[in-house]
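Source file: coords38.cif (mmCIF, C-alpha atoms)
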data_coords
loop_
_atom_site.label_atom_id
_atom_site.label_comp_id
_atom_site.auth_asym_id
_atom_site.auth_seq_id
_atom_site.Cartn_x
_atom_site.Cartn_y
_atom_site.Cartn_z
CA MET A 1 -3.57 -36.94 -80.53
CA ALA A 2 -2.04 -34.06 -78.63
CA LYS A 3 1.59 -33.34 -79.35
CA ILE A 4 3.69 -32.72 -76.23
CA ILE A 5 6.22 -29.95 -76.78
CA GLU A 6 8.84 -29.86 -74.03
CA ARG A 7 9.30 -26.33 -72.70
CA HIS A 8 10.46 -27.18 -69.22
CA PHE A 9 13.52 -28.31 -67.30
CA GLU A 10 13.57 -31.75 -65.75
CA ASN A 11 12.49 -31.50 -62.13
CA PRO A 12 15.69 -32.20 -60.11
CA PHE A 13 13.99 -32.28 -56.72
CA PRO A 14 13.32 -35.54 -54.84
CA GLU A 15 9.73 -36.57 -54.32
CA TYR A 16 8.23 -35.65 -50.98
CA SER A 17 8.88 -37.86 -47.98
CA GLU A 18 9.25 -37.02 -44.31
CA ASP A 19 12.98 -37.53 -44.67
CA SER A 20 13.36 -35.38 -47.82
CA ALA A 21 11.19 -32.63 -46.35
CA LYS A 22 12.60 -32.34 -42.83
CA ASN A 23 15.24 -29.79 -43.81
CA VAL A 24 12.94 -27.99 -46.23
CA ILE A 25 9.85 -27.30 -44.11
CA SER A 26 11.60 -25.70 -41.16
CA ASN A 27 12.46 -22.41 -39.49
CA LYS A 28 15.82 -22.56 -41.28
CA THR A 29 14.00 -22.33 -44.61
CA ILE A 30 12.00 -19.32 -43.42
CA ASP A 31 15.24 -17.65 -42.30
CA LYS A 32 16.74 -18.35 -45.73
CA LEU A 33 13.72 -16.83 -47.45
CA ASN A 34 13.95 -13.75 -45.23
CA LYS A 35 17.60 -13.27 -46.12
CA VAL A 36 16.87 -13.64 -49.81
CA VAL A 37 14.05 -11.09 -49.65
CA THR A 38 16.35 -8.68 -47.80
CA GLY A 39 19.01 -9.18 -50.46
CA LEU A 40 16.56 -8.62 -53.26
CA ASP A 41 15.25 -5.49 -51.52
CA GLU A 42 18.51 -3.69 -52.24
CA LYS A 43 18.36 -4.60 -55.93
CA TRP A 44 14.69 -3.73 -56.06
CA GLU A 45 15.17 -0.28 -54.47
CA THR A 46 17.86 0.49 -57.07
CA CYS A 47 15.48 -0.62 -59.82
CA MET A 48 12.70 1.52 -58.35
CA ARG A 49 14.90 4.61 -58.49
CA GLN A 50 15.65 3.84 -62.12
CA LEU A 51 11.95 3.38 -62.82
CA SER A 52 11.11 6.74 -61.26
CA GLN A 53 13.79 8.43 -63.33
CA CYS A 54 12.26 6.94 -66.47
CA GLN A 55 8.87 8.37 -65.42
CA SER A 56 7.04 5.20 -66.39
CA HIS A 57 3.43 5.75 -67.45
CA ASP A 58 2.42 2.13 -66.92
CA TYR A 59 0.34 2.18 -63.74
CA THR A 60 -1.16 -1.31 -64.11
CA VAL A 61 -0.90 -4.14 -61.63
CA TYR A 62 0.28 -6.51 -64.35
CA THR A 63 3.41 -4.74 -65.60
CA GLY A 64 3.37 -1.29 -64.00
CA THR A 65 3.82 0.59 -60.77
CA SER A 66 0.62 -0.73 -59.15
CA GLY A 67 2.13 -4.22 -59.19
CA ILE A 68 5.14 -2.87 -57.29
CA ALA A 69 2.64 -1.18 -54.95
CA MET A 70 1.01 -4.56 -54.26
CA LEU A 71 4.37 -6.01 -53.26
CA ARG A 72 5.07 -3.10 -50.90
CA PHE A 73 1.59 -3.48 -49.43
CA LEU A 74 2.12 -7.21 -48.82
CA LYS A 75 5.47 -6.65 -47.10
CA ASP A 76 4.28 -4.03 -44.63
CA PRO A 77 0.51 -3.42 -44.68
CA ASP A 78 0.35 -1.37 -41.48
CA ASP A 79 3.26 1.08 -41.70
CA LYS A 80 1.99 4.57 -42.54
CA ALA A 81 5.10 5.65 -44.48
CA ASN A 82 4.92 2.48 -46.56
CA LEU A 83 1.21 2.92 -47.22
CA LEU A 84 1.82 6.46 -48.45
CA GLU A 85 4.47 5.12 -50.84
CA VAL A 86 2.04 2.44 -52.01
CA LYS A 87 -0.53 5.13 -52.68
CA ARG A 88 2.02 7.19 -54.67
CA LEU A 89 2.94 4.20 -56.83
CA LEU A 90 -0.69 3.68 -57.83
CA MET A 91 -0.46 6.87 -59.92
CA LEU A 92 -4.14 7.58 -59.35
CA ASN A 93 -3.93 10.95 -61.13
CA ASN A 94 -2.78 9.27 -64.34
CA LEU A 95 -5.65 6.82 -64.93
CA LYS A 96 -6.75 6.74 -68.55
CA LYS A 97 -10.38 5.65 -68.06
CA LYS A 98 -10.01 2.98 -70.72
CA ARG A 99 -9.56 -0.56 -69.48
CA LEU A 100 -11.55 -1.64 -66.45
CA THR A 101 -9.92 -4.76 -65.00
CA PHE A 102 -7.84 -5.32 -61.90
CA LEU A 103 -4.65 -6.48 -63.61
CA CYS A 104 -4.56 -4.41 -66.78
CA GLY A 105 -6.86 -1.46 -66.22
CA ASP A 106 -8.04 1.28 -63.89
CA ALA A 107 -9.91 -1.08 -61.56
CA GLY A 108 -6.70 -2.39 -59.96
CA PRO A 109 -5.24 0.98 -58.90
CA LEU A 110 -8.70 2.21 -57.85
CA ALA A 111 -9.39 -0.87 -55.70
CA LEU A 112 -5.93 -0.83 -54.13
CA GLY A 113 -6.13 2.93 -53.60
CA ALA A 114 -9.49 2.59 -51.86
CA VAL A 115 -8.17 -0.08 -49.47
CA VAL A 116 -4.91 1.77 -48.74
CA SER A 117 -6.72 5.07 -48.17
CA TYR A 118 -9.14 3.29 -45.83
CA LYS A 119 -6.20 1.91 -43.83
CA LEU A 120 -4.68 5.41 -43.70
CA GLY A 121 -7.93 6.73 -42.25
CA ASP A 122 -8.83 8.82 -45.30
CA VAL A 123 -12.36 7.50 -45.61
CA VAL A 124 -13.55 10.35 -47.84
CA PHE A 125 -10.88 9.74 -50.49
CA SER A 126 -11.43 5.99 -50.22
CA ARG A 127 -15.12 6.51 -50.92
CA SER A 128 -14.36 8.74 -53.92
CA LEU A 129 -12.20 6.00 -55.47
CA ILE A 130 -14.93 3.42 -54.88
CA GLU A 131 -17.44 5.69 -56.62
CA GLU A 132 -15.02 6.10 -59.52
CA LEU A 133 -14.70 2.31 -59.77
CA ALA A 134 -18.48 1.91 -59.67
CA GLU A 135 -18.81 4.33 -62.59
CA LEU A 136 -17.05 1.77 -64.79
CA GLN A 137 -19.99 -0.60 -64.39
CA LYS A 138 -22.01 0.60 -67.39
CA ALA A 139 -20.14 -1.41 -69.99
CA VAL A 140 -19.71 -4.31 -67.58
CA ILE A 141 -23.32 -4.97 -66.66
CA ASN A 142 -24.52 -4.62 -70.27
CA TYR A 143 -23.84 -8.16 -71.47
CA LYS A 144 -24.43 -7.10 -75.07
CA ALA A 145 -21.61 -4.55 -74.91
CA ASP A 146 -18.45 -5.23 -76.90
CA LEU A 147 -16.47 -6.38 -73.87
CA PRO A 148 -14.77 -9.74 -73.23
CA ASN A 149 -15.56 -11.76 -70.14
CA GLU A 150 -12.09 -13.14 -69.38
CA TYR A 151 -10.00 -12.13 -66.43
CA MET A 152 -7.22 -9.88 -67.74
CA TYR A 153 -9.31 -7.52 -69.89
CA GLY A 154 -12.94 -8.41 -69.26
CA ARG A 155 -15.83 -8.64 -66.83
CA ALA A 156 -14.21 -11.25 -64.58
CA GLY A 157 -11.33 -8.84 -63.96
CA TYR A 158 -13.76 -6.11 -62.91
CA LEU A 159 -15.59 -8.59 -60.69
CA TYR A 160 -12.35 -9.35 -58.85
CA ALA A 161 -11.77 -5.64 -58.17
CA ILE A 162 -15.12 -5.04 -56.49
CA LEU A 163 -14.90 -8.29 -54.51
CA TYR A 164 -11.40 -7.28 -53.38
CA ILE A 165 -12.70 -3.99 -51.98
CA ASN A 166 -15.53 -5.70 -50.10
CA LYS A 167 -13.11 -8.18 -48.57
CA HIS A 168 -10.68 -5.58 -47.28
CA ILE A 169 -12.97 -2.73 -46.18
CA SER A 170 -15.48 -3.05 -43.35
CA PRO A 171 -18.38 -2.73 -43.66
CA PRO A 172 -18.26 -3.81 -47.33
CA PRO A 173 -18.91 -0.63 -49.36
CA ILE A 174 -19.82 -2.15 -52.75
CA ASP A 175 -23.55 -2.75 -52.96
CA ASP A 176 -24.69 -6.36 -53.41
CA TYR A 177 -26.85 -5.23 -56.31
CA LEU A 178 -23.84 -4.15 -58.39
CA ILE A 179 -21.96 -7.38 -57.75
CA ARG A 180 -25.01 -9.40 -58.69
CA LYS A 181 -25.47 -7.42 -61.92
CA VAL A 182 -21.85 -8.15 -62.92
CA VAL A 183 -22.34 -11.85 -62.20
CA GLU A 184 -25.56 -11.88 -64.23
CA ALA A 185 -23.82 -10.17 -67.17
CA ILE A 186 -21.10 -12.83 -67.21
CA PHE A 187 -23.70 -15.59 -67.17
CA ASN A 188 -25.83 -13.94 -69.85
CA ALA A 189 -22.87 -13.34 -72.16
CA GLY A 190 -21.76 -16.96 -71.81
CA GLN A 191 -25.24 -18.32 -72.52
CA VAL A 192 -25.62 -16.14 -75.62
CA GLU A 193 -22.25 -17.27 -76.98
CA SER A 194 -23.15 -20.89 -76.36
CA ARG A 195 -26.53 -20.57 -78.10
CA ASN A 196 -25.01 -18.75 -81.06
CA ASN A 197 -22.60 -21.65 -81.55
CA MET A 198 -25.27 -24.31 -80.91
CA CYS A 199 -23.17 -25.86 -78.13
CA ASN A 200 -24.39 -28.44 -75.66
CA GLN A 201 -22.67 -26.84 -72.67
CA PRO A 202 -24.47 -23.90 -71.02
CA LEU A 203 -21.61 -21.34 -71.08
CA LEU A 204 -19.02 -20.44 -73.70
CA TYR A 205 -16.63 -17.51 -73.82
CA LYS A 206 -14.51 -16.09 -76.64
CA TRP A 207 -11.47 -13.82 -76.59
CA HIS A 208 -9.72 -12.62 -79.77
CA ASP A 209 -11.73 -15.06 -81.89
CA SER A 210 -10.66 -18.11 -79.88
CA TYR A 211 -12.31 -20.06 -77.09
CA TYR A 212 -9.54 -19.96 -74.51
CA LEU A 213 -9.60 -22.29 -71.53
CA GLY A 214 -6.87 -21.03 -69.18
CA ALA A 215 -6.87 -18.71 -66.18
CA ALA A 216 -5.89 -15.40 -67.77
CA HIS A 217 -8.03 -15.33 -70.90
CA GLY A 218 -10.27 -18.35 -70.68
CA MET A 219 -13.11 -20.27 -69.18
CA SER A 220 -11.33 -21.78 -66.18
CA GLY A 221 -10.42 -18.30 -64.96
CA ILE A 222 -13.99 -17.08 -65.40
CA MET A 223 -15.37 -20.10 -63.54
CA TYR A 224 -12.87 -19.55 -60.73
CA LEU A 225 -13.94 -15.93 -60.28
CA LEU A 226 -17.63 -16.88 -60.33
CA LEU A 227 -16.99 -19.56 -57.70
CA GLN A 228 -15.23 -17.01 -55.52
CA ALA A 229 -18.33 -14.83 -55.91
CA ARG A 230 -20.58 -17.70 -54.81
CA ASN A 231 -22.41 -15.52 -52.25
CA TYR A 232 -23.88 -13.70 -55.25
CA VAL A 233 -24.55 -16.80 -57.36
CA ARG A 234 -27.87 -18.64 -57.14
CA GLU A 235 -27.98 -22.34 -56.40
CA SER A 236 -29.54 -23.02 -59.79
CA GLU A 237 -26.68 -21.17 -61.50
CA LEU A 238 -24.09 -23.15 -59.56
CA ASN A 239 -25.69 -26.45 -60.55
CA ASP A 240 -27.03 -25.68 -64.02
CA LEU A 241 -24.39 -23.30 -65.39
CA ILE A 242 -21.07 -23.48 -63.53
CA LYS A 243 -20.91 -27.19 -62.69
CA PRO A 244 -21.71 -28.44 -66.23
CA THR A 245 -19.20 -25.97 -67.67
CA ILE A 246 -16.46 -27.26 -65.36
CA ASP A 247 -17.35 -30.81 -66.34
CA TYR A 248 -17.18 -29.81 -70.01
CA LEU A 249 -13.72 -28.34 -69.49
CA THR A 250 -12.67 -31.58 -67.82
CA SER A 251 -13.62 -33.47 -70.98
CA LYS A 252 -10.99 -31.44 -72.88
CA LYS A 253 -8.08 -32.69 -70.76
CA PHE A 254 -5.15 -34.21 -72.64
CA ALA A 255 -4.00 -37.73 -71.81
CA SER A 256 -0.96 -36.10 -70.15
CA GLY A 257 -3.23 -34.40 -67.61
CA ASN A 258 -2.61 -30.97 -69.09
CA PHE A 259 -5.19 -28.82 -70.88
CA PRO A 260 -5.18 -27.08 -74.28
CA SER A 261 -4.87 -23.31 -74.38
CA SER A 262 -8.05 -23.10 -76.48
CA LEU A 263 -10.73 -25.31 -77.97
CA GLY A 264 -9.41 -27.23 -80.96
CA SER A 265 -5.75 -26.87 -80.05
CA GLN A 266 -3.78 -30.12 -79.96
CA SER A 267 -0.57 -28.53 -78.71
CA ASP A 268 0.27 -29.78 -75.22
CA LYS A 269 2.95 -27.23 -74.41
CA TYR A 270 1.74 -24.65 -71.89
CA ILE A 271 2.24 -25.29 -68.16
CA GLN A 272 1.84 -21.79 -66.77
CA TRP A 273 -0.74 -19.75 -64.89
CA CYS A 274 -2.15 -18.06 -67.96
CA HIS A 275 -2.55 -21.27 -70.00
CA GLY A 276 -2.69 -24.94 -69.08
CA ALA A 277 -2.93 -27.02 -65.92
CA PRO A 278 -1.81 -24.40 -63.35
CA GLY A 279 -4.94 -22.29 -63.79
CA PHE A 280 -7.11 -25.39 -63.57
CA VAL A 281 -5.67 -26.22 -60.14
CA PHE A 282 -7.37 -23.11 -58.75
CA MET A 283 -10.69 -23.76 -60.49
CA TYR A 284 -10.90 -27.38 -59.36
CA SER A 285 -9.81 -26.58 -55.82
CA GLU A 286 -12.49 -23.92 -55.50
CA ALA A 287 -15.08 -26.21 -57.10
CA TYR A 288 -14.28 -28.83 -54.46
CA LYS A 289 -14.80 -26.25 -51.71
CA VAL A 290 -18.12 -25.13 -53.19
CA PHE A 291 -19.64 -28.46 -54.29
CA GLY A 292 -17.89 -30.85 -51.90
CA ASP A 293 -17.43 -33.34 -54.74
CA GLN A 294 -14.30 -35.46 -54.44
CA LYS A 295 -13.92 -35.64 -58.21
CA TYR A 296 -12.93 -31.98 -58.24
CA LEU A 297 -10.34 -32.50 -55.54
CA GLN A 298 -8.91 -35.40 -57.53
CA MET A 299 -8.76 -33.25 -60.67
CA ALA A 300 -7.01 -30.49 -58.71
CA LEU A 301 -4.46 -33.01 -57.44
CA LYS A 302 -3.89 -34.44 -60.91
CA SER A 303 -3.41 -30.97 -62.35
CA ALA A 304 -0.93 -30.17 -59.59
CA GLU A 305 1.02 -33.32 -60.52
CA VAL A 306 1.38 -31.96 -64.05
CA VAL A 307 2.76 -28.73 -62.60
CA TRP A 308 5.23 -30.61 -60.38
CA ASN A 309 6.49 -32.70 -63.29
CA ARG A 310 6.55 -30.05 -66.02
CA GLY A 311 6.26 -26.72 -64.20
CA LEU A 312 9.91 -25.64 -64.06
CA ILE A 313 9.37 -23.96 -67.38
CA THR A 314 12.02 -22.38 -69.58
CA LYS A 315 10.08 -19.12 -69.95
CA GLY A 316 11.46 -17.89 -66.63
CA TYR A 317 10.42 -17.14 -63.07
CA SER A 318 7.41 -14.84 -63.57
CA LEU A 319 3.95 -15.11 -62.07
CA CYS A 320 2.06 -15.10 -65.35
CA HIS A 321 4.15 -17.55 -67.34
CA GLY A 322 6.87 -18.77 -65.03
CA VAL A 323 7.92 -20.80 -62.02
CA SER A 324 6.79 -18.44 -59.25
CA GLY A 325 3.24 -18.50 -60.62
CA ASN A 326 3.34 -22.28 -60.76
CA ALA A 327 4.49 -22.42 -57.12
CA TYR A 328 1.16 -20.90 -56.09
CA CYS A 329 -0.58 -24.05 -57.33
CA PHE A 330 1.04 -25.99 -54.49
CA LEU A 331 0.20 -23.32 -51.92
CA GLU A 332 -3.43 -23.57 -53.07
CA MET A 333 -3.35 -27.35 -52.68
CA TYR A 334 -1.67 -27.10 -49.27
CA GLN A 335 -4.42 -24.79 -48.04
CA THR A 336 -7.08 -27.12 -49.44
CA THR A 337 -5.67 -30.45 -48.21
CA LYS A 338 -3.25 -29.50 -45.36
CA ASP A 339 -0.93 -32.10 -46.88
CA LEU A 340 2.70 -31.08 -46.26
CA LYS A 341 3.68 -32.56 -49.61
CA HIS A 342 2.27 -29.50 -51.34
CA LEU A 343 4.06 -27.05 -49.05
CA TYR A 344 7.28 -28.94 -49.73
CA ARG A 345 6.69 -28.61 -53.47
CA ALA A 346 5.93 -24.90 -53.20
CA ILE A 347 9.16 -24.31 -51.29
CA LYS A 348 11.20 -26.28 -53.83
CA PHE A 349 9.79 -24.15 -56.66
CA ALA A 350 10.58 -21.05 -54.58
CA GLU A 351 14.14 -22.32 -54.17
CA TRP A 352 14.37 -22.67 -57.96
CA CYS A 353 13.52 -18.96 -58.18
CA ILE A 354 16.10 -18.13 -55.49
CA ASP A 355 18.85 -20.07 -57.28
CA TYR A 356 17.86 -18.62 -60.62
CA THR A 357 20.48 -18.31 -63.37
CA LYS A 358 20.44 -17.06 -66.93
CA GLU A 359 20.48 -20.68 -68.10
CA HIS A 360 16.98 -21.02 -66.63
CA GLU A 361 15.22 -18.63 -69.00
CA GLU A 362 14.64 -18.27 -72.71
CA HIS A 363 15.03 -14.49 -72.63
CA GLU A 364 15.05 -11.62 -70.15
CA PRO A 365 11.59 -10.22 -69.37
CA ASP A 366 10.48 -7.17 -71.35
CA ARG A 367 9.49 -5.53 -68.05
CA PRO A 368 12.07 -6.94 -65.62
CA LEU A 369 10.77 -5.06 -62.55
CA SER A 370 7.10 -5.92 -62.90
CA LEU A 371 4.84 -8.07 -60.76
CA PHE A 372 3.59 -10.45 -63.44
CA GLU A 373 6.57 -10.57 -65.80
CA GLY A 374 9.59 -9.58 -63.71
CA ILE A 375 11.41 -9.80 -60.39
CA ALA A 376 8.55 -8.43 -58.28
CA GLY A 377 6.63 -11.69 -58.92
CA PRO A 378 9.10 -14.10 -57.28
CA MET A 379 9.70 -11.52 -54.54
CA TYR A 380 5.97 -11.53 -53.84
CA LEU A 381 6.05 -15.32 -53.63
CA LEU A 382 9.02 -15.31 -51.25
CA VAL A 383 7.21 -12.94 -48.89
CA ASP A 384 3.87 -14.74 -49.21
CA ILE A 385 5.19 -18.27 -48.70
CA GLN A 386 6.41 -17.36 -45.22
CA LYS A 387 2.77 -17.57 -44.11
CA PRO A 388 1.70 -20.42 -46.40
CA MET A 389 -1.82 -20.88 -45.06
CA HIS A 390 -2.60 -17.27 -45.94
CA ALA A 391 -0.74 -16.97 -49.25
CA LYS A 392 -2.85 -15.90 -52.22
CA PHE A 393 -2.02 -15.58 -55.89
CA PRO A 394 -1.93 -11.79 -56.23
CA GLY A 395 -4.81 -10.22 -58.07
CA PHE A 396 -6.49 -13.59 -58.67
CA THR A 397 -7.29 -15.28 -55.35
CA LEU A 398 -9.35 -13.30 -52.85
#
Go ahead and render the structure in this file as structure tokens.
Amino acid sequence: MAKIIERHFENPFPEYSEDSAKNVISNKTIDKLNKVVTGLDEKWETCMRQLSQCQSHDYTVYTGTSGIAMLRFLKDPDDKANLLEVKRLLMLNNLKKKRLTFLCGDAGPLALGAVVSYKLGDVVFSRSLIEELAELQKAVINYKADLPNEYMYGRAGYLYAILYINKHISPPPIDDYLIRKVVEAIFNAGQVESRNNMCNQPLLYKWHDSYYLGAAHGMSGIMYLLLQARNYVRESELNDLIKPTIDYLTSKKFASGNFPSSLGSQSDKYIQWCHGAPGFVFMYSEAYKVFGDQKYLQMALKSAEVVWNRGLITKGYSLCHGVSGNAYCFLEMYQTTKDLKHLYRAIKFAEWCIDYTKEHEEHEPDRPLSLFEGIAGPMYLLVDIQKPMHAKFPGFTL
């Protein structure tokens, strides 16, 4: 039996009702969010000056300057001066040609740089960055290469980068053939791993000697990215590979409604984007959109309930393993169902981030400015939630 380890604060917010929500879902709330973002801007600009003085060499989206660039891009995507600052923060001359994913490697800065350059009208430079990104494909499309398939460091993270470019540049510059080869490599690698372990399910993925299940390193994140790439996935693959794998993951659910971080784990303690129910919300929601099966919508709703009840976690306010990341679960459910209950819940979690105190975290983030571990994450949420039907978990939802 799974052991529940409490790592969250008791949710102090009233359950949704028209009466409880009337002062929450309103123009007054949007005004409050705007004021908070403006207030944080001053702190953030001071932090940015300090970061520049330190000459940080971390250019990643996850903990480096490209994550700050994403926030600037979200706040003002059409201002030329801002776009030039975004481009500077990507540190495109410092890329190390090592990791190839959107969050933790070169693919993120390259994809963002291509889109920003396109918006600036520098089509030639945009094309050169796209070509540089495409050159990373060799290890990706070879499914026998020593490369994981998960999102943060593996093939799924590269897949997101090329899909991101095609979504934001018109006409889409990444050839369908390349995207299809990446999708095929992910399928092939999962089938080989499953056969090698004599498993009944069609796909299995390992990272650091464990079969992780969550969004960042595990199977739910991989399935979510493949579902978002459904235009490049064959009907037989949807029905014979993805759907059975999702159903297999469902069979691993704890009685609490949460999910283990990896196969064999009986510790019911993680309620955060990278591990546990939050990542499953996105997978199930997308599965419902693709397959139209109500059971996936019900699983998404049940997973979101876990997040509402246990998602004010003591780890802090970050996107990766904190409250702002968990808030995106409710924005996803609001977009899927149009039920105001989920928007109400997202705003309450955002308010928790606004009213944040030292008593609400176990320890200060190692990278307190960053998008996925620091203050830039909740700032991103506070900007994004002002247009809730268009909000997207940064670097994960297309």
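For the pair CA of His321 (chain A) and CA of Trp273 (chain A), the separation is 5.9 Å.
Straight-line separation from CA of Arg180 (chain A) to CA of Asn149 (chain A): 15.0 Å.
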- Message: as a ChimeraX atom specification, please: the residues near region 72-78 of chain A (cut-off 12 Å, all atoms listed in the file, same-chain neighbours under 2 positions excluded).
- Response: /A:34,37-38,41,44-45,48,65-70,80-90,112-113,115-121,168,371,376-377,379-387,390-395
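Each of A:Val61, A:Cys104, A:Ala346, A:Ile354 was compared to Pro388 (chain A) using all atoms listed in the file, and A:Ala346 turns out to be the nearest.
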- Message: What would the selection look like, as a ChimeraX atom specification, if the PyMOL selection byres ((chain A and resi 105) around 12) were run on the coordinates I just shared?
- Response: /A:58-64,66-67,90,92,94-104,106-111,133,136,151-155,157-158,161
- Item | Selection near Leu297 (chain A), 6 Å with all atoms listed in the file, sequence-local residues under 2 positions removed, as an MDAnalysis selection string | chainID A and resid 285 288 294:295 299:300
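Between Val281 (chain A) and the residues A:Ile186, A:Ile25, A:Ala229, A:Cys329, the shortest atom-to-atom distance, using only C-alpha atoms, involves A:Cys329.
With distances restricted to all atoms listed in the file, A:Trp308 is the closest residue to Tyr344 (chain A) from A:Tyr160, A:Tyr284, A:Tyr317, A:Trp308.
The gap separating CA of Gly276 (chain A) from CA of Val307 (chain A) is 9.3 Å, in Å to one decimal.
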- Expansion of the PyMOL selection byres ((chain A and resi 142-147) around 7) into residues, as a PyMOL selection string: chain A and resi 138-141+148-149+154+185-186+188-189
- Shortest interatomic distance to His57 (chain A) - which of A:Met91, A:Val24, A:Leu398, A:Met283, counting only C-alpha atoms: A:Met91
Taking every listed atom of region 211-224 of chain A and adding 3 Å to each side, what centre and edge lengths in Å (one decimal) does the axis-aligned box have, as AutoDock Vina command-line options?
--center_x -10.6 --center_y -18.8 --center_z -68.9 --size_x 15.5 --size_y 13.0 --size_z 22.4
- Quick one: everything within 8 Å of Glu10 (chain A), counting only C-alpha atoms, minus sequence neighbours fewer than 6 positions away in the same chain. Send it as JSON, numbers by chain. {"A": [309, 310, 312]}
- Pick from A:Ser128, A:Thr314, A:Gln272, A:Gln201, whichever lies nearest to Ser251 (chain A) using all atoms listed in the file: A:Gln201
- Message: Once the PyMOL selection byres ((chain A and resi 341) around 10) has been evaluated on this model, what residues remain selected, and can you format them as a ChimeraX atom specification?
- Response: /A:15-18,21,25,330,333-334,337-340,342-346
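Here the question is which of A:Ile162, A:Leu213, A:Ile242, A:Gly292 gets nearest to Gln191 (chain A) using all atoms listed in the file, and that residue is A:Ile242.
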